[in-house]
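**Student:** Sharing a structure, written as structure tokens. Questions coming.
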Amino acid sequence: MKRLITSFLGILLALSVRANEGMWLPFLLENNIGEMSEMGLHLSADDIYSINQQCLSSAVVGFVDLDRPYSHFCSGSVISALGLVITNHHCGLSVVQQHSSLENDYITNGFWAMNQAEELGGNDIGVCFLRRMEDVTAQVLEGVSDTMTIKRRNEVINSNISQIESRVSDSTGLKAHVDAFYCNNEYYLSVYEIFEDVRLVGTPPISVGKFGGDTDNWVWPRHTGDFTIFRIYADSLNRPAKYSAENVPYRASNYLKINAKEKHEGDFVMLMGYPGTTNEYLPSFAIAATQDVYDPIVVSGRGKSIDIIKERMRADKAVMIKYTSKVASLANAWKKLDGERRGLAAKRVIEKKRERERLMSEWITADAARTEKYGTLLDDYTKEYAVYQKYRRAKLQIDETFYKSEMINLCSDIRTILQSGSSDEEKRTKIVGWLRDFYADYDLKTDLAVTQMLELEYLENADTLYVPNSLRGAVGFIGGLTGKLLQKSLLADSTKAFATFRNYTQKSRKKIENDPLFKFTAEIDAAYSNIKTPMQKSLKKTDDFQRLFMQLQRECFADKRFFPDANSTFRVAYGQISGYRPTDAVSYAPFTTLGGVIEKCDLDVYDYTVPDRLKQLSEARDFGPYCNADSSLTVCFLSTCHTTGGNSGSPAFDADGNLIGLNFDRVWEGTMSDLQFDADICCNICLDIRFVLFFIDKYAGARHLIDEMEIVKD
Ligand code: ARG
Ligand code: ASP
């Protein structure tokens with residue numbers, strides 16, 4: 001009997017484990033809706049996504065850089081009939097920075113437009129709405145056969161994809177994009193409407209929006225007020241339009257209603273948005289390479305760069321403004337990958353994957369047809385991956401050393417365009433534009449210190465086979481070459497650089513290419529492409545093995561429900577509000593409060609400064625209608641949804657589809673979820689919408705924005 005109970009518990013556990021894993025497709029939710037209802041959802045699949053647009057997904061947006069409209073860097077949602085959009089502070093930080101200066105320091109002080117005329121436009125970001133999604137696998141694979149070469153296969157697929165994309169884009173005026181799913185086994189079409197005039201409406205000071213900074217980043221308990229508000233503008237016919245004074249606020253056909261009530265542990269949570277990349281179905285040897293080779297390269301170089309940059313930021317206020325957003329993105333990946341490799345090791349993911357591969361091998365050998373199809377797959381894939389890994393390591397070392405030197409990176413971009421077929425006029429305009437952006441945020445002293453440190457690291461660790469020629473003699477020996485080149489270059493002097501490139505003609509090219517830094521960068525670029533070309537060739541082969549390996553997993557474990565890896569397309573995830581147990585005898589509660597912000601406050605630590613006004617509001621317990629029954633104010637909550645980078649700003653919904661928070665992070669122990677989701681430790685962190693409302697209302701005094709929103713009453 002006892003055994004029966006234990007195995008029943010085992011099954012229950014397995015079910016609940018599966019319940020939270022996965023980023024599901026909106027148009028295939030029928031497969032999940034039963035489970036979601038059992039977990040507490042009150043909506044139908046059509047309420048969540050449908051073509052007729054009267055559904056929650058039509059109020060969810062992806063944030064894009066205008067020059068990369070299908071790579072969503074963050075998510076957000078529309079919260080008023082006049083196009084107010086809410087996302088994370090860290091998603092809007094580069095826009096805030098563009099509008100900030102020493103005189104108008106919106107990063108430090110925050111910014112609130114008190115009317116529409118004060119909203120700040122001219123930004124290079126846009127938001128997209130998903131208007132429709134469908135399976136086009138059959139059309140994309142038309143003309144493809146199993147006996148084709150990889151090259152031919154890709155050609156046929158790419159040509160089919162372009163035809164579908166242009167047919168849909170031409171006939172609808174919307175933007176169509178086809179993406180590969182299940183490691184190139186299936187293809188789905190997404191149709192987007194992209195708005196290009198998105199203006200900054202309000203943002204808290206960075207001490208709130210990034211409270212806890214890089215110390216608390218990826219960590220629970222968390223107390224960060226990570227939100228920013230934008231507004232979408234459209235032309236007079238409510239259509240997407242480039243930024244213009246003539247544009248008017250977008251009249252949203254659908255927007256989210258807000259549930260500002262207190263939440264409880266166990267409440268159902270659903271998230272929607274644009275998760276970027278996951279790789280859940282890789283073989284054990286690819287996980288081993290990530291854990292032991294790739295992640296350590298990035299973690300080591302970036303960790304040291306961050307220390308140097310932060311030292312400079314503390315010493316110089318101008319450097320602080322210029323490097324705030326740069327250091328944030330360096331630090332973010334550094335810490336995530338450090339958590340990832342530790343989590344992979346702690347959860348013995350390599351061993352678990354090996355065991356699955358053993359089961360797959362048994363399954364293959366048990367049947368002649370399977371042996372015919374998959375008999376040599378694992379061996380072939382292992383061998384090819386070893387080739388790929390060698391190149392990838394070498395490429396990563398150059399990426400993380402030389403292209404992390406700001407000036408070498410710029411120099412390399414300039415070299416590429418000088419060698420391109422563009423006209424002199426085009427070259428001048430492009431390069432001068434880059435120079436403008438570059439010098440606006442540049443500090444030579446900081447770049448020098450970082451570059452010199454990275455070069456030393458490289459000389460110690462790089463595989464001598466791939467080291468660029470002029471550094472070759474220096475291997476195993478003190479470096480310092482690159483730093484000197486930086487100082488001597490024409491790019492070290494902005495006046496000289498502008499003069500050179502404003503007057504650029506084909507005739508000046510020789511002289512520029514003789515600049516010592518340009519010469520050195522030419523060598524780096526050459527070493528890089530010597531690695532990249534064979535790496536890409538090998539990658540095509542490993543990708544094709546991965547396609548078959550994915551197919552094998554789906555056939556071998558046929559009763560498991562597989563979600564397709566994240567690929568920057570629209571997804572739905574669900575779970576519940578819940579704490580977790582990171583290690584033995586440690587247990588975390590799922591809510592944090594403003595009291596915790598005050599506890600953490602430490603004026604000597606930059607990450608933990610709290611604005612006086614927030615302290616006063618906390619002391620006076622002036623939380624308005626947003627306070628909890630025990631008169632505390634919730635800041636963040638934890639839930640068990642499967643998320644990744646790109647899900648930042650994703651709306652968190654309650655069981656009725658009302659907005660209760662904004663996703664912005666995951667917990668440190670669970671950042672391995674991009675490679676292996678583990679329900680024991682993989683949690684996502686949300687900002688509670690009550691804190692957002694409190695802040696706008698009580699701190700910023702921007703009541704007009706609250707009045708625009710619809711807050712649900714009982
Ligand atoms: N880790 C989160 C994400 O990947 C939040 C990053 C911004 N916050 C910060 N403290 N750097 O985007
Ligand atoms: N913070 C991430 C983002 O910006 C979310 C995550 O990786 O969990 O999208």
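Chain identifiers are assigned as A, B, and so on, following the order in which chains appear in the structure tokens; residues are numbered from 1 within each chain, and ligands are numbered from 1 in order of appearance.
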Would you pick out the contacts of Arg68 (chain A) at 10 Å or less, using only C-alpha atoms, so that residues sharing its chain but fewer than 4 positions from it are not included, and give the list as a ChimeraX atom specification?
**Tutor:** /A:64,72-73,125-126
**Student:** Enumerate residues in contact with ligand 1: an atom-to-atom distance of at most 9 Å, counting only C-alpha atoms and all ligand atoms. Format the result as a short mmCIF file (atom, residue, chain, number, x, y, z; two decimals) with C-alpha atoms, in the first residue's frame.
**Tutor:**
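In the end it all went to pocket_33.cif:
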```cif
data_model
loop_
_atom_site.label_atom_id
_atom_site.label_comp_id
_atom_site.auth_asym_id
_atom_site.auth_seq_id
_atom_site.Cartn_x
_atom_site.Cartn_y
_atom_site.Cartn_z
CA CYS A 74 11.10 42.73 -24.63
CA ASN A 88 9.94 47.03 -17.76
CA HIS A 89 12.26 49.86 -16.76
CA HIS A 90 15.22 47.90 -18.11
CA CYS A 91 13.44 47.53 -21.47
CA GLY A 209 13.42 50.96 -11.47
CA LYS A 210 16.66 49.11 -10.92
CA PHE A 211 16.65 48.93 -7.13
CA GLY A 212 19.12 46.25 -6.05
CA GLY A 213 21.01 46.78 -9.34
CA ASP A 214 23.34 44.06 -10.42
CA THR A 215 23.65 42.79 -6.85
CA ASP A 216 20.02 41.66 -6.77
CA ASN A 217 19.69 40.98 -10.50
CA TRP A 218 18.62 37.34 -11.13
CA VAL A 219 18.01 36.94 -7.41
CA THR A 224 12.75 46.26 -7.90
CA ASP A 226 11.03 47.55 -12.82
CA SER A 325 23.08 50.93 -19.93
CA VAL A 327 27.33 47.92 -18.05
CA ALA A 328 23.80 46.69 -17.37
CA SER A 329 23.76 44.55 -20.47
CA LEU A 330 27.29 43.21 -19.84
CA ALA A 331 26.46 42.40 -16.24
CA ASN A 332 23.12 40.83 -17.05
CA ALA A 333 24.55 38.15 -19.34
CA LYS A 335 25.46 36.81 -14.05
CA LYS A 336 22.92 34.74 -15.93
CA ASP A 607 22.48 49.61 -5.70
CA THR A 644 13.35 33.51 -20.77
CA GLY A 645 15.04 36.69 -22.04
CA GLY A 646 12.50 38.62 -24.10
CA ASN A 647 9.74 37.82 -21.62
CA SER A 648 10.65 40.96 -19.71
CA PHE A 664 10.97 40.90 -15.31
CA ASP A 665 13.36 38.21 -14.16
CA ARG A 666 14.08 34.68 -13.00
CA VAL A 667 15.74 33.32 -9.86
#
```
**Student:** For region 541-545 of chain A, list every protein, DNA or RNA residue within 12 Å, evaluated using only C-alpha atoms, and leave out those in the same chain fewer than 2 positions away; present the list as a PyMOL selection string.
**Tutor:** chain A and resi 146+148-151+153-154+180+182-185+281-283+286+374+376-389+534-539+547-552
**Student:** Quick one: everything within 8 Å of Asn259 (chain A), counting only C-alpha atoms, minus sequence neighbours fewer than 4 positions away in the same chain. Send it as a count of residues only.
**Tutor:** 8
**Student:** Which residues are close to Ala573 (chain A), i.e. within 8 Å by only C-alpha atoms, leaving aside same-chain residues fewer than 2 positions away? Reply as a list in words.
**Tutor:**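 My reading of the contact set: Asn20, Glu21, Gly22, Met23, Trp24, Met270, Leu271, Met272, Arg571, Gly575, Cys641, His642 and Thr643 of chain A.
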**Student:** Emit the selected residues as an mmCIF file, in the first residue's frame, including all heavy atoms.
**Tutor:**
```cif
data_model
loop_
_atom_site.group_PDB
_atom_site.id
_atom_site.type_symbol
_atom_site.label_atom_id
_atom_site.label_comp_id
_atom_site.auth_asym_id
_atom_site.auth_seq_id
_atom_site.Cartn_x
_atom_site.Cartn_y
_atom_site.Cartn_z
ATOM 1 N N ASN A 20 4.118 23.296 -15.289
ATOM 2 C CA ASN A 20 4.682 24.633 -15.389
ATOM 3 C C ASN A 20 5.715 24.775 -16.487
ATOM 4 O O ASN A 20 6.130 25.862 -16.823
ATOM 5 C CB ASN A 20 5.300 25.026 -14.056
ATOM 6 C CG ASN A 20 4.293 24.893 -12.962
ATOM 7 O OD1 ASN A 20 3.121 25.144 -13.185
ATOM 8 N ND2 ASN A 20 4.723 24.451 -11.796
ATOM 9 N N GLU A 21 6.160 23.655 -17.012
ATOM 10 C CA GLU A 21 7.164 23.731 -18.066
ATOM 11 C C GLU A 21 6.489 24.117 -19.383
ATOM 12 O O GLU A 21 5.375 23.692 -19.666
ATOM 13 C CB GLU A 21 7.843 22.367 -18.228
ATOM 14 C CG GLU A 21 8.893 22.367 -19.309
ATOM 15 C CD GLU A 21 9.567 21.011 -19.486
ATOM 16 O OE1 GLU A 21 9.002 20.004 -19.054
ATOM 17 O OE2 GLU A 21 10.651 20.989 -20.064
ATOM 18 N N GLY A 22 7.167 24.918 -20.173
ATOM 19 C CA GLY A 22 6.666 25.137 -21.529
ATOM 20 C C GLY A 22 6.250 26.552 -21.843
ATOM 21 O O GLY A 22 5.749 27.290 -20.995
ATOM 22 N N MET A 23 6.486 26.908 -23.114
ATOM 23 C CA MET A 23 6.080 28.203 -23.663
ATOM 24 C C MET A 23 5.258 27.816 -24.876
ATOM 25 O O MET A 23 5.808 27.346 -25.876
ATOM 26 C CB MET A 23 7.321 28.967 -24.106
ATOM 27 C CG MET A 23 8.320 29.112 -22.980
ATOM 28 S SD MET A 23 9.895 29.600 -23.629
ATOM 29 C CE MET A 23 10.746 29.933 -22.100
ATOM 30 N N TRP A 24 3.954 27.987 -24.773
ATOM 31 C CA TRP A 24 3.049 27.354 -25.728
ATOM 32 C C TRP A 24 2.587 28.325 -26.804
ATOM 33 O O TRP A 24 2.584 29.537 -26.610
ATOM 34 C CB TRP A 24 1.866 26.740 -24.975
ATOM 35 C CG TRP A 24 2.352 25.813 -23.900
ATOM 36 C CD1 TRP A 24 2.526 26.107 -22.574
ATOM 37 C CD2 TRP A 24 2.804 24.462 -24.061
ATOM 38 N NE1 TRP A 24 3.042 25.019 -21.908
ATOM 39 C CE2 TRP A 24 3.216 23.998 -22.795
ATOM 40 C CE3 TRP A 24 2.898 23.582 -25.158
ATOM 41 C CZ2 TRP A 24 3.709 22.700 -22.592
ATOM 42 C CZ3 TRP A 24 3.383 22.297 -24.956
ATOM 43 C CH2 TRP A 24 3.785 21.870 -23.689
ATOM 44 N N MET A 270 -0.901 33.497 -15.629
ATOM 45 C CA MET A 270 -0.594 33.209 -17.037
ATOM 46 C C MET A 270 0.239 34.371 -17.583
ATOM 47 O O MET A 270 -0.003 35.529 -17.225
ATOM 48 C CB MET A 270 -1.906 33.096 -17.816
ATOM 49 C CG MET A 270 -1.744 32.962 -19.302
ATOM 50 S SD MET A 270 -3.311 32.564 -20.091
ATOM 51 C CE MET A 270 -4.226 34.096 -19.843
ATOM 52 N N LEU A 271 1.213 34.062 -18.413
ATOM 53 C CA LEU A 271 2.057 35.101 -19.004
ATOM 54 C C LEU A 271 1.983 35.023 -20.515
ATOM 55 O O LEU A 271 1.879 33.936 -21.060
ATOM 56 C CB LEU A 271 3.525 34.858 -18.681
ATOM 57 C CG LEU A 271 4.103 35.085 -17.318
ATOM 58 C CD1 LEU A 271 5.619 35.044 -17.442
ATOM 59 C CD2 LEU A 271 3.708 36.424 -16.746
ATOM 60 N N MET A 272 2.079 36.182 -21.186
ATOM 61 C CA MET A 272 2.188 36.157 -22.642
ATOM 62 C C MET A 272 3.308 37.093 -23.053
ATOM 63 O O MET A 272 3.589 38.077 -22.362
ATOM 64 C CB MET A 272 0.901 36.669 -23.273
ATOM 65 C CG MET A 272 -0.235 35.713 -23.121
ATOM 66 S SD MET A 272 -1.606 36.338 -24.074
ATOM 67 C CE MET A 272 -2.919 35.918 -22.969
ATOM 68 N N ARG A 571 4.261 33.589 -27.271
ATOM 69 C CA ARG A 571 4.020 32.376 -26.482
ATOM 70 C C ARG A 571 3.170 32.665 -25.245
ATOM 71 O O ARG A 571 3.102 33.795 -24.755
ATOM 72 C CB ARG A 571 5.343 31.774 -25.992
ATOM 73 C CG ARG A 571 6.301 31.396 -27.087
ATOM 74 C CD ARG A 571 5.731 30.350 -28.020
ATOM 75 N NE ARG A 571 6.656 30.115 -29.114
ATOM 76 C CZ ARG A 571 7.600 29.178 -29.098
ATOM 77 N NH1 ARG A 571 7.711 28.377 -28.044
ATOM 78 N NH2 ARG A 571 8.405 29.035 -30.123
ATOM 79 N N GLY A 575 1.310 29.006 -14.680
ATOM 80 C CA GLY A 575 1.764 28.366 -13.457
ATOM 81 C C GLY A 575 0.966 28.955 -12.310
ATOM 82 O O GLY A 575 -0.187 29.362 -12.490
ATOM 83 N N CYS A 641 6.056 30.140 -13.800
ATOM 84 C CA CYS A 641 5.935 30.074 -15.256
ATOM 85 C C CYS A 641 7.310 29.921 -15.902
ATOM 86 O O CYS A 641 8.313 30.395 -15.373
ATOM 87 C CB CYS A 641 5.298 31.356 -15.788
ATOM 88 S SG CYS A 641 3.677 31.658 -15.117
ATOM 89 N N HIS A 642 7.324 29.300 -17.051
ATOM 90 C CA HIS A 642 8.565 29.085 -17.800
ATOM 91 C C HIS A 642 8.819 30.302 -18.701
ATOM 92 O O HIS A 642 8.044 30.558 -19.620
ATOM 93 C CB HIS A 642 8.408 27.817 -18.641
ATOM 94 C CG HIS A 642 9.696 27.316 -19.233
ATOM 95 N ND1 HIS A 642 9.769 26.132 -19.913
ATOM 96 C CD2 HIS A 642 10.941 27.823 -19.243
ATOM 97 C CE1 HIS A 642 11.019 25.942 -20.318
ATOM 98 N NE2 HIS A 642 11.744 26.955 -19.932
ATOM 99 N N THR A 643 9.900 31.028 -18.437
ATOM 100 C CA THR A 643 10.175 32.272 -19.169
ATOM 101 C C THR A 643 11.637 32.328 -19.578
ATOM 102 O O THR A 643 12.455 31.565 -19.076
ATOM 103 C CB THR A 643 9.915 33.495 -18.265
ATOM 104 O OG1 THR A 643 10.694 33.333 -17.081
ATOM 105 C CG2 THR A 643 8.462 33.631 -17.899
#
```
**Student:** Excluding region 234-236 of chain A and any residue of its chain fewer than 4 positions from it, enumerate the residues within 8 Å of it, using only C-alpha atoms, and give them as number ranges by chain.
**Tutor:** A: 195, 197, 240-241, 246-250
**Student:** From the list A:Lys261, A:Phe181, A:Thr640, A:Ser145, which residue is nearest Asn663 (chain A) when using only C-alpha atoms?
**Tutor:** A:Thr640
**Student:** Write down as a list in words the residues belonging to region 216-436 of chain A that are assigned strand (DSSP E) by DSSP computed on the backbone.
**Tutor:**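 Residues meeting the strand (DSSP E) criterion: Thr228, Ile229, Phe230, Arg231, Ile232, Tyr233, Ala234, Val248, Pro249, Phe268, Val269, Met270, Leu271, Met272 and Gly273 of chain A.
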**Student:** I need the residues from that last selection saved to file as a short mmCIF file (atom, residue, chain, number, x, y, z; two decimals), in the first residue's frame (with N, CA and C atoms), if you can.
**Tutor:**
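So result06.cif came out as:
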```
data_model
loop_
_atom_site.label_atom_id
_atom_site.label_comp_id
_atom_site.auth_asym_id
_atom_site.auth_seq_id
_atom_site.Cartn_x
_atom_site.Cartn_y
_atom_site.Cartn_z
N THR A 228 8.22 50.87 -16.85
CA THR A 228 8.26 52.14 -17.59
C THR A 228 7.01 52.17 -18.47
N ILE A 229 6.51 53.38 -18.69
CA ILE A 229 5.29 53.50 -19.50
C ILE A 229 5.56 54.29 -20.79
N PHE A 230 5.05 53.74 -21.87
CA PHE A 230 5.15 54.38 -23.19
C PHE A 230 3.74 54.62 -23.72
N ARG A 231 3.66 55.35 -24.83
CA ARG A 231 2.38 55.45 -25.53
C ARG A 231 2.63 55.27 -27.04
N ILE A 232 1.73 54.49 -27.65
CA ILE A 232 1.84 54.28 -29.09
C ILE A 232 1.14 55.43 -29.80
N TYR A 233 1.77 55.95 -30.84
CA TYR A 233 1.14 56.97 -31.68
C TYR A 233 0.93 56.41 -33.08
N ALA A 234 -0.13 56.90 -33.75
CA ALA A 234 -0.47 56.41 -35.09
C ALA A 234 -0.85 57.61 -35.96
N VAL A 248 -1.17 60.96 -33.68
CA VAL A 248 -2.06 61.07 -32.51
C VAL A 248 -2.01 59.76 -31.73
N PRO A 249 -2.42 59.77 -30.45
CA PRO A 249 -2.40 58.52 -29.68
C PRO A 249 -3.20 57.42 -30.38
N PHE A 268 -3.62 31.25 -9.70
CA PHE A 268 -3.24 30.94 -11.08
C PHE A 268 -2.58 32.17 -11.73
N VAL A 269 -1.54 31.95 -12.52
CA VAL A 269 -0.88 33.04 -13.26
C VAL A 269 -0.65 32.59 -14.70
N MET A 270 -0.90 33.50 -15.63
CA MET A 270 -0.59 33.21 -17.04
C MET A 270 0.24 34.37 -17.58
N LEU A 271 1.21 34.06 -18.41
CA LEU A 271 2.06 35.10 -19.00
C LEU A 271 1.98 35.02 -20.52
N MET A 272 2.08 36.18 -21.19
CA MET A 272 2.19 36.16 -22.64
C MET A 272 3.31 37.09 -23.05
N GLY A 273 3.92 36.78 -24.18
CA GLY A 273 4.97 37.65 -24.67
C GLY A 273 5.88 36.94 -25.63
#
```
